[in-house]
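One file, input.pdb, is given below (PDB, C-alpha atoms, pLDDT in the B column).
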```pdb
ATOM      1  CA  MET A   1       0.000   0.000   0.000  1.00 37.00           C
ATOM      2  CA  ALA A   2       1.390   3.393  -0.888  1.00 40.00           C
ATOM      3  CA  LEU A   3       1.761   5.574   2.160  1.00 40.00           C
ATOM      4  CA  PHE A   4      -1.683   7.140   2.458  1.00 45.00           C
ATOM      5  CA  GLY A   5      -1.980   7.243  -1.331  1.00 43.00           C
ATOM      6  CA  HIS A   6      -5.160   5.196  -1.475  1.00 43.00           C
ATOM      7  CA  SER A   7      -7.737   3.604   0.780  1.00 46.00           C
ATOM      8  CA  GLY A   8      -5.975   0.322   1.274  1.00 46.00           C
ATOM      9  CA  SER A   9      -7.186  -1.454  -1.824  1.00 44.00           C
ATOM     10  CA  HIS A  10      -4.801  -2.389  -4.580  1.00 39.00           C
ATOM     11  CA  ALA A  11      -6.588  -0.185  -7.114  1.00 37.00           C
ATOM     12  CA  PRO A  12      -6.176   3.615  -7.026  1.00 37.00           C
ATOM     13  CA  GLN A  13      -8.768   5.626  -5.199  1.00 39.00           C
ATOM     14  CA  LEU A  14     -11.142   7.851  -7.101  1.00 37.00           C
ATOM     15  CA  MET A  15      -9.780  10.693  -5.029  1.00 38.00           C
ATOM     16  CA  HIS A  16      -6.145  10.711  -3.961  1.00 41.00           C
ATOM     17  CA  SER A  17      -5.491  11.499  -0.297  1.00 44.00           C
ATOM     18  CA  SER A  18      -4.235  14.985  -1.075  1.00 41.00           C
ATOM     19  CA  VAL A  19      -7.456  15.772  -2.946  1.00 39.00           C
ATOM     20  CA  ILE A  20      -9.540  14.568  -0.005  1.00 44.00           C
ATOM     21  CA  MET A  21      -7.514  16.486   2.574  1.00 45.00           C
ATOM     22  CA  ILE A  22      -7.388  19.705   0.536  1.00 42.00           C
ATOM     23  CA  ALA A  23     -11.118  19.546  -0.128  1.00 43.00           C
ATOM     24  CA  MET A  24     -11.851  19.065   3.560  1.00 44.00           C
ATOM     25  CA  ALA A  25      -9.347  21.676   4.724  1.00 45.00           C
ATOM     26  CA  GLY A  26     -10.265  24.273   2.112  1.00 42.00           C
ATOM     27  CA  GLY A  27     -13.267  25.894   3.699  1.00 34.00           C
ATOM     28  CA  ALA A  28     -13.826  24.137   6.926  1.00 34.00           C
ATOM     29  CA  THR A  29     -13.298  24.676  10.603  1.00 31.00           C
ATOM     30  CA  PHE A  30     -11.730  21.965  12.594  1.00 30.00           C
ATOM     31  CA  GLU A  31     -14.032  20.927  15.359  1.00 32.00           C
ATOM     32  CA  ARG A  32     -14.469  17.481  16.781  1.00 33.00           C
ATOM     33  CA  SER A  33     -18.196  17.453  17.385  1.00 33.00           C
ATOM     34  CA  SER A  34     -21.318  19.542  17.655  1.00 31.00           C
ATOM     35  CA  ALA A  35     -21.049  19.145  21.427  1.00 34.00           C
ATOM     36  CA  GLN A  36     -17.788  21.088  21.362  1.00 36.00           C
ATOM     37  CA  LEU A  37     -19.381  23.747  19.178  1.00 31.00           C
ATOM     38  CA  ILE A  38     -22.234  24.166  21.657  1.00 31.00           C
ATOM     39  CA  GLY A  39     -19.781  24.185  24.566  1.00 35.00           C
ATOM     40  CA  ARG A  40     -17.622  26.831  22.878  1.00 36.00           C
ATOM     41  CA  LYS A  41     -20.616  29.078  22.303  1.00 36.00           C
ATOM     42  CA  ARG A  42     -21.352  28.866  26.012  1.00 35.00           C
ATOM     43  CA  GLY A  43     -17.709  29.490  26.842  1.00 40.00           C
ATOM     44  CA  LYS A  44     -17.122  25.983  28.214  1.00 40.00           C
ATOM     45  CA  ASP A  45     -14.834  24.527  25.537  1.00 40.00           C
ATOM     46  CA  ARG A  46     -11.370  25.954  25.169  1.00 39.00           C
ATOM     47  CA  SER A  47     -10.067  23.314  22.730  1.00 42.00           C
ATOM     48  CA  MET A  48     -10.920  25.607  19.814  1.00 45.00           C
ATOM     49  CA  GLU A  49     -10.390  29.360  19.804  1.00 46.00           C
ATOM     50  CA  MET A  50     -12.359  31.783  17.667  1.00 43.00           C
ATOM     51  CA  THR A  51     -10.290  34.006  15.390  1.00 47.00           C
ATOM     52  CA  GLU A  52     -11.012  37.595  14.458  1.00 49.00           C
ATOM     53  CA  GLY A  53     -12.590  36.536  11.155  1.00 48.00           C
ATOM     54  CA  GLY A  54     -14.997  34.116  12.837  1.00 48.00           C
ATOM     55  CA  GLY A  55     -13.105  30.961  11.933  1.00 49.00           C
ATOM     56  CA  VAL A  56     -11.854  28.399  14.393  1.00 53.00           C
ATOM     57  CA  GLN A  57      -8.165  27.788  15.059  1.00 54.00           C
ATOM     58  CA  ARG A  58      -7.177  24.280  16.115  1.00 63.00           C
ATOM     59  CA  PRO A  59      -4.520  24.359  18.770  1.00 66.00           C
ATOM     60  CA  GLU A  60      -1.348  22.553  17.775  1.00 73.00           C
ATOM     61  CA  ALA A  61      -1.741  20.317  20.839  1.00 77.00           C
ATOM     62  CA  LEU A  62      -4.965  18.836  19.435  1.00 81.00           C
ATOM     63  CA  VAL A  63      -3.281  17.871  16.174  1.00 84.00           C
ATOM     64  CA  HIS A  64      -0.438  16.287  18.156  1.00 88.00           C
ATOM     65  CA  GLN A  65      -2.953  14.333  20.259  1.00 92.00           C
ATOM     66  CA  GLN A  66      -4.582  13.042  17.100  1.00 92.00           C
ATOM     67  CA  MET A  67      -1.198  12.104  15.679  1.00 94.00           C
ATOM     68  CA  ALA A  68      -0.309  10.220  18.876  1.00 95.00           C
ATOM     69  CA  ALA A  69      -3.636   8.381  18.682  1.00 96.00           C
ATOM     70  CA  LEU A  70      -2.895   7.355  15.079  1.00 96.00           C
ATOM     71  CA  VAL A  71       0.541   6.060  16.062  1.00 97.00           C
ATOM     72  CA  GLN A  72      -1.036   4.081  18.910  1.00 96.00           C
ATOM     73  CA  LEU A  73      -3.609   2.676  16.478  1.00 97.00           C
ATOM     74  CA  GLY A  74      -0.741   1.671  14.201  1.00 97.00           C
ATOM     75  CA  ALA A  75       0.927  -0.206  17.064  1.00 96.00           C
ATOM     76  CA  VAL A  76      -2.283  -2.112  17.790  1.00 97.00           C
ATOM     77  CA  MET A  77      -2.762  -2.916  14.111  1.00 97.00           C
ATOM     78  CA  SER A  78       0.821  -4.138  13.792  1.00 97.00           C
ATOM     79  CA  ALA A  79       0.422  -6.414  16.801  1.00 97.00           C
ATOM     80  CA  LEU A  80      -2.873  -7.816  15.504  1.00 97.00           C
ATOM     81  CA  SER A  81      -1.398  -8.399  12.059  1.00 97.00           C
ATOM     82  CA  GLN A  82       1.085 -10.880  13.480  1.00 96.00           C
ATOM     83  CA  GLY A  83      -1.572 -13.143  14.954  1.00 93.00           C
ATOM     84  CA  GLY A  84       0.566 -13.880  17.975  1.00 90.00           C
ATOM     85  CA  GLN A  85       0.235 -13.521  21.685  1.00 93.00           C
ATOM     86  CA  TRP A  86      -0.541 -10.298  23.509  1.00 95.00           C
ATOM     87  CA  PRO A  87       2.619  -8.144  23.300  1.00 95.00           C
ATOM     88  CA  GLY A  88       2.052  -6.412  26.629  1.00 94.00           C
ATOM     89  CA  HIS A  89       0.659  -3.093  27.769  1.00 94.00           C
ATOM     90  CA  SER A  90       2.945  -1.136  25.442  1.00 93.00           C
ATOM     91  CA  ILE A  91       0.270  -1.223  22.720  1.00 93.00           C
ATOM     92  CA  GLY A  92      -2.312   0.344  25.019  1.00 93.00           C
ATOM     93  CA  LEU A  93      -4.548  -2.715  25.389  1.00 95.00           C
ATOM     94  CA  ASN A  94      -4.876  -5.192  28.194  1.00 96.00           C
ATOM     95  CA  GLU A  95      -4.671  -8.893  27.453  1.00 96.00           C
ATOM     96  CA  GLN A  96      -8.444  -9.405  27.274  1.00 97.00           C
ATOM     97  CA  GLU A  97      -8.965  -6.454  24.918  1.00 96.00           C
ATOM     98  CA  PHE A  98      -6.244  -7.777  22.621  1.00 97.00           C
ATOM     99  CA  ALA A  99      -7.746 -11.283  22.700  1.00 96.00           C
ATOM    100  CA  ASP A 100     -11.196  -9.892  21.853  1.00 97.00           C
ATOM    101  CA  LEU A 101      -9.851  -7.985  18.850  1.00 96.00           C
ATOM    102  CA  ASP A 102      -7.829 -10.966  17.684  1.00 97.00           C
ATOM    103  CA  GLU A 103     -10.987 -13.093  17.883  1.00 96.00           C
ATOM    104  CA  ARG A 104     -12.811 -10.550  15.704  1.00 96.00           C
ATOM    105  CA  VAL A 105     -10.028 -10.778  13.133  1.00 96.00           C
ATOM    106  CA  ARG A 106     -10.389 -14.549  13.021  1.00 96.00           C
ATOM    107  CA  LYS A 107     -14.200 -14.377  12.730  1.00 96.00           C
ATOM    108  CA  ALA A 108     -14.453 -11.458  10.275  1.00 94.00           C
ATOM    109  CA  VAL A 109     -14.967 -13.861   7.368  1.00 94.00           C
ATOM    110  CA  ILE A 110     -18.298 -14.939   8.905  1.00 94.00           C
ATOM    111  CA  HIS A 111     -19.682 -11.448   8.272  1.00 91.00           C
ATOM    112  CA  ASN A 112     -17.849 -10.731   5.027  1.00 90.00           C
ATOM    113  CA  GLY A 113     -16.504 -13.459   2.769  1.00 91.00           C
ATOM    114  CA  TRP A 114     -13.779 -11.134   1.489  1.00 88.00           C
ATOM    115  CA  ALA A 115     -12.448 -10.619   5.010  1.00 93.00           C
ATOM    116  CA  THR A 116     -10.437 -13.812   5.375  1.00 95.00           C
ATOM    117  CA  GLU A 117      -8.059 -13.912   8.305  1.00 96.00           C
ATOM    118  CA  VAL A 118      -5.087 -13.661   5.924  1.00 96.00           C
ATOM    119  CA  ASN A 119      -6.550 -10.619   4.140  1.00 95.00           C
ATOM    120  CA  VAL A 120      -7.491  -8.853   7.373  1.00 96.00           C
ATOM    121  CA  ARG A 121      -4.065  -9.457   8.919  1.00 97.00           C
ATOM    122  CA  HIS A 122      -2.408  -8.231   5.695  1.00 97.00           C
ATOM    123  CA  ALA A 123      -4.448  -5.005   5.789  1.00 97.00           C
ATOM    124  CA  LEU A 124      -3.719  -4.524   9.507  1.00 97.00           C
ATOM    125  CA  GLY A 125      -0.003  -4.967   8.834  1.00 97.00           C
ATOM    126  CA  ALA A 126      -0.015  -2.440   6.002  1.00 97.00           C
ATOM    127  CA  TRP A 127      -1.827   0.107   8.144  1.00 98.00           C
ATOM    128  CA  GLY A 128       0.410  -0.661  11.117  1.00 97.00           C
ATOM    129  CA  ARG A 129       3.467   0.195   9.019  1.00 97.00           C
ATOM    130  CA  ALA A 130       1.838   3.310   7.555  1.00 97.00           C
ATOM    131  CA  LEU A 131       0.782   4.619  10.966  1.00 97.00           C
ATOM    132  CA  SER A 132       4.317   4.736  12.336  1.00 97.00           C
ATOM    133  CA  ALA A 133       5.376   7.973  14.028  1.00 97.00           C
ATOM    134  CA  GLU A 134       7.387   8.975  10.954  1.00 97.00           C
ATOM    135  CA  GLY A 135       4.594   8.080   8.542  1.00 96.00           C
ATOM    136  CA  VAL A 136       1.969  10.048  10.446  1.00 95.00           C
ATOM    137  CA  GLN A 137       4.311  13.040  10.763  1.00 94.00           C
ATOM    138  CA  ARG A 138       4.975  13.045   6.991  1.00 95.00           C
ATOM    139  CA  TRP A 139       1.236  12.805   6.306  1.00 92.00           C
ATOM    140  CA  VAL A 140       0.309  15.716   8.577  1.00 91.00           C
ATOM    141  CA  ASP A 141       3.269  17.848   7.424  1.00 91.00           C
ATOM    142  CA  ALA A 142       1.963  17.583   3.867  1.00 93.00           C
ATOM    143  CA  TYR A 143      -1.117  19.609   4.910  1.00 88.00           C
ATOM    144  CA  PRO A 144       0.041  22.762   6.732  1.00 84.00           C
ATOM    145  CA  ARG A 145      -3.427  24.343   6.419  1.00 80.00           C
ATOM    146  CA  ILE A 146      -4.808  21.944   9.037  1.00 79.00           C
ATOM    147  CA  GLN A 147      -4.318  24.571  11.766  1.00 71.00           C
ATOM    148  CA  GLU A 148      -5.637  27.563   9.818  1.00 66.00           C
ATOM    149  CA  PRO A 149      -9.000  29.074  10.827  1.00 58.00           C
ATOM    150  CA  ARG A 150     -11.981  27.583   8.970  1.00 59.00           C
ATOM    151  CA  THR A 151     -15.723  27.668   8.967  1.00 70.00           C
ATOM    152  CA  PRO A 152     -18.079  25.687   8.877  1.00 83.00           C
ATOM    153  CA  VAL A 153     -17.695  22.101  10.105  1.00 83.00           C
ATOM    154  CA  PHE A 154     -18.786  19.705   7.391  1.00 89.00           C
ATOM    155  CA  THR A 155     -20.479  16.363   7.629  1.00 93.00           C
ATOM    156  CA  VAL A 156     -18.639  14.342   5.020  1.00 94.00           C
ATOM    157  CA  GLY A 157     -20.556  11.495   3.435  1.00 95.00           C
ATOM    158  CA  LEU A 158     -18.493   8.365   2.939  1.00 96.00           C
ATOM    159  CA  VAL A 159     -19.558   5.259   1.065  1.00 94.00           C
ATOM    160  CA  LEU A 160     -17.152   2.525   2.083  1.00 92.00           C
ATOM    161  CA  ALA A 161     -16.615  -0.533  -0.077  1.00 89.00           C
ATOM    162  CA  GLY A 162     -16.736  -3.902   1.602  1.00 84.00           C
ATOM    163  CA  ASN A 163     -14.657  -5.978  -0.751  1.00 86.00           C
ATOM    164  CA  VAL A 164     -11.243  -5.321   0.824  1.00 89.00           C
ATOM    165  CA  PRO A 165     -10.583  -5.271   4.578  1.00 93.00           C
ATOM    166  CA  LEU A 166     -10.094  -1.724   5.925  1.00 93.00           C
ATOM    167  CA  VAL A 167     -10.595  -0.233   2.459  1.00 91.00           C
ATOM    168  CA  GLY A 168     -12.414   2.825   3.824  1.00 94.00           C
ATOM    169  CA  LEU A 169     -10.153   3.490   6.803  1.00 96.00           C
ATOM    170  CA  HIS A 170      -8.117   6.077   4.928  1.00 94.00           C
ATOM    171  CA  ASP A 171     -11.208   8.137   4.194  1.00 95.00           C
ATOM    172  CA  VAL A 172     -12.448   7.897   7.782  1.00 95.00           C
ATOM    173  CA  LEU A 173      -9.054   8.959   9.130  1.00 94.00           C
ATOM    174  CA  CYS A 174      -8.898  11.940   6.748  1.00 91.00           C
ATOM    175  CA  VAL A 175     -12.273  13.179   7.958  1.00 90.00           C
ATOM    176  CA  TRP A 176     -11.338  12.646  11.620  1.00 89.00           C
ATOM    177  CA  LEU A 177      -7.919  14.274  11.330  1.00 87.00           C
ATOM    178  CA  SER A 178      -9.384  17.308   9.597  1.00 85.00           C
ATOM    179  CA  GLY A 179     -11.883  17.751  12.424  1.00 82.00           C
ATOM    180  CA  HIS A 180     -15.059  17.071  10.482  1.00 85.00           C
ATOM    181  CA  ARG A 181     -17.890  14.651  11.095  1.00 89.00           C
ATOM    182  CA  ALA A 182     -18.314  11.540   8.977  1.00 93.00           C
ATOM    183  CA  ARG A 183     -21.596  10.049   7.861  1.00 95.00           C
ATOM    184  CA  ILE A 184     -20.732   6.507   6.816  1.00 94.00           C
ATOM    185  CA  LYS A 185     -22.566   4.020   4.641  1.00 91.00           C
ATOM    186  CA  THR A 186     -21.037   0.599   4.228  1.00 82.00           C
TER
END
```
Show this structure as structure tokens.
Amino acid sequence: MALFGHSGSHAPQLMHSSVIMIAMAGGATFERSSAQLIGRKRGKDRSMEMTEGGGVQRPEALVHQQMAALVQLGAVMSALSQGGQWPGHSIGLNEQEFADLDERVRKAVIHNGWATEVNVRHALGAWGRALSAEGVQRWVDAYPRIQEPRTPVFTVGLVLAGNVPLVGLHDVLCVWLSGHRARIKT
């Protein structure tokens, strides 16, 4: 899988990651939810600060928190891709949580014939490698406008294919990282 170049399938995306990110960053504010918007209007939420022009500035700390979460997700995905024993608390899961996720990987084929254990573990491994600290940093650095003031928050409609494990994850992560809301149809 090319580093964030497509959704995880082996065929190119209709929209390359840069097109998705630029489209979402172009005229949008970066807020995490309508609850934060309501809280900010009442003066309760300080995670987003209004700018003079009425846009919303994302603090750099929020972007770094999101990046850290993506790296942690990558560690979990890497561990699950190997199909081995629980690697310890370093991945952020306890032994039971890891076992539950591993069980879901093994049983995914029951719900989707394309999601064989081999295919799911392959996709998890690819995403685990892509969501390394260096990979996430390169991805975010490619979009310096992420912290610029924007308005309004968009609800981005996503139609996710089901023929390749994790094929829509890229799109979901782009929406989340840009601070928008996703409306997903599978």
- [ ] Can you pull out every residue within 10 Å of range 159-161 of chain A, counting all atoms listed in the file, but drop anything in the same chain fewer than 6 positions away, and send it as a PyMOL selection string?
- [x] chain A and resi 7+9+167-169+171-172+183-186
Task: Point-to-point distance in Å for CA of Pro152 in chain A and CA of His180 in chain A - done: 9.3 Å
- [ ] Excluding range 69-78 of chain A and any residue of its chain fewer than 4 positions from it, enumerate the residues within 7 Å of it, using all atoms listed in the file, and give them as a ChimeraX atom specification.
- [x] /A:65,82,91,124-125,127-129,131-133
Open item on the list: Can you pull out the residues contacting Thr116 in chain A? Cut-off 12 Å, using all atoms listed in the file, and skip same-chain residues under 6 positions away; I want them as a ChimeraX atom specification.
Closed with: /A:104-110,122-123,163-165
- [ ] Using CA of Val136 in chain A and CA of Met67 in chain A as the two end points, give the distance in Å to one decimal.
- [x]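 Taking CA of Val136 in chain A as the start and CA of Met67 in chain A as the end point, the length is 6.5 Å.
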- [ ] Have a look at CA of Leu166 in chain A and CA of Val120 in chain A and let me know their distance in Å, one decimal.
- [x] 7.7 Å
TODO: Tell me which of A:Gln85, A:Ser178, A:Arg121, A:Phe98 sits closest to Pro144 in chain A, counting only C-alpha atoms.
DONE: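 Going through A:Gln85, A:Ser178, A:Arg121, A:Phe98 one by one, the smallest distance to Pro144 in chain A is for A:Ser178.
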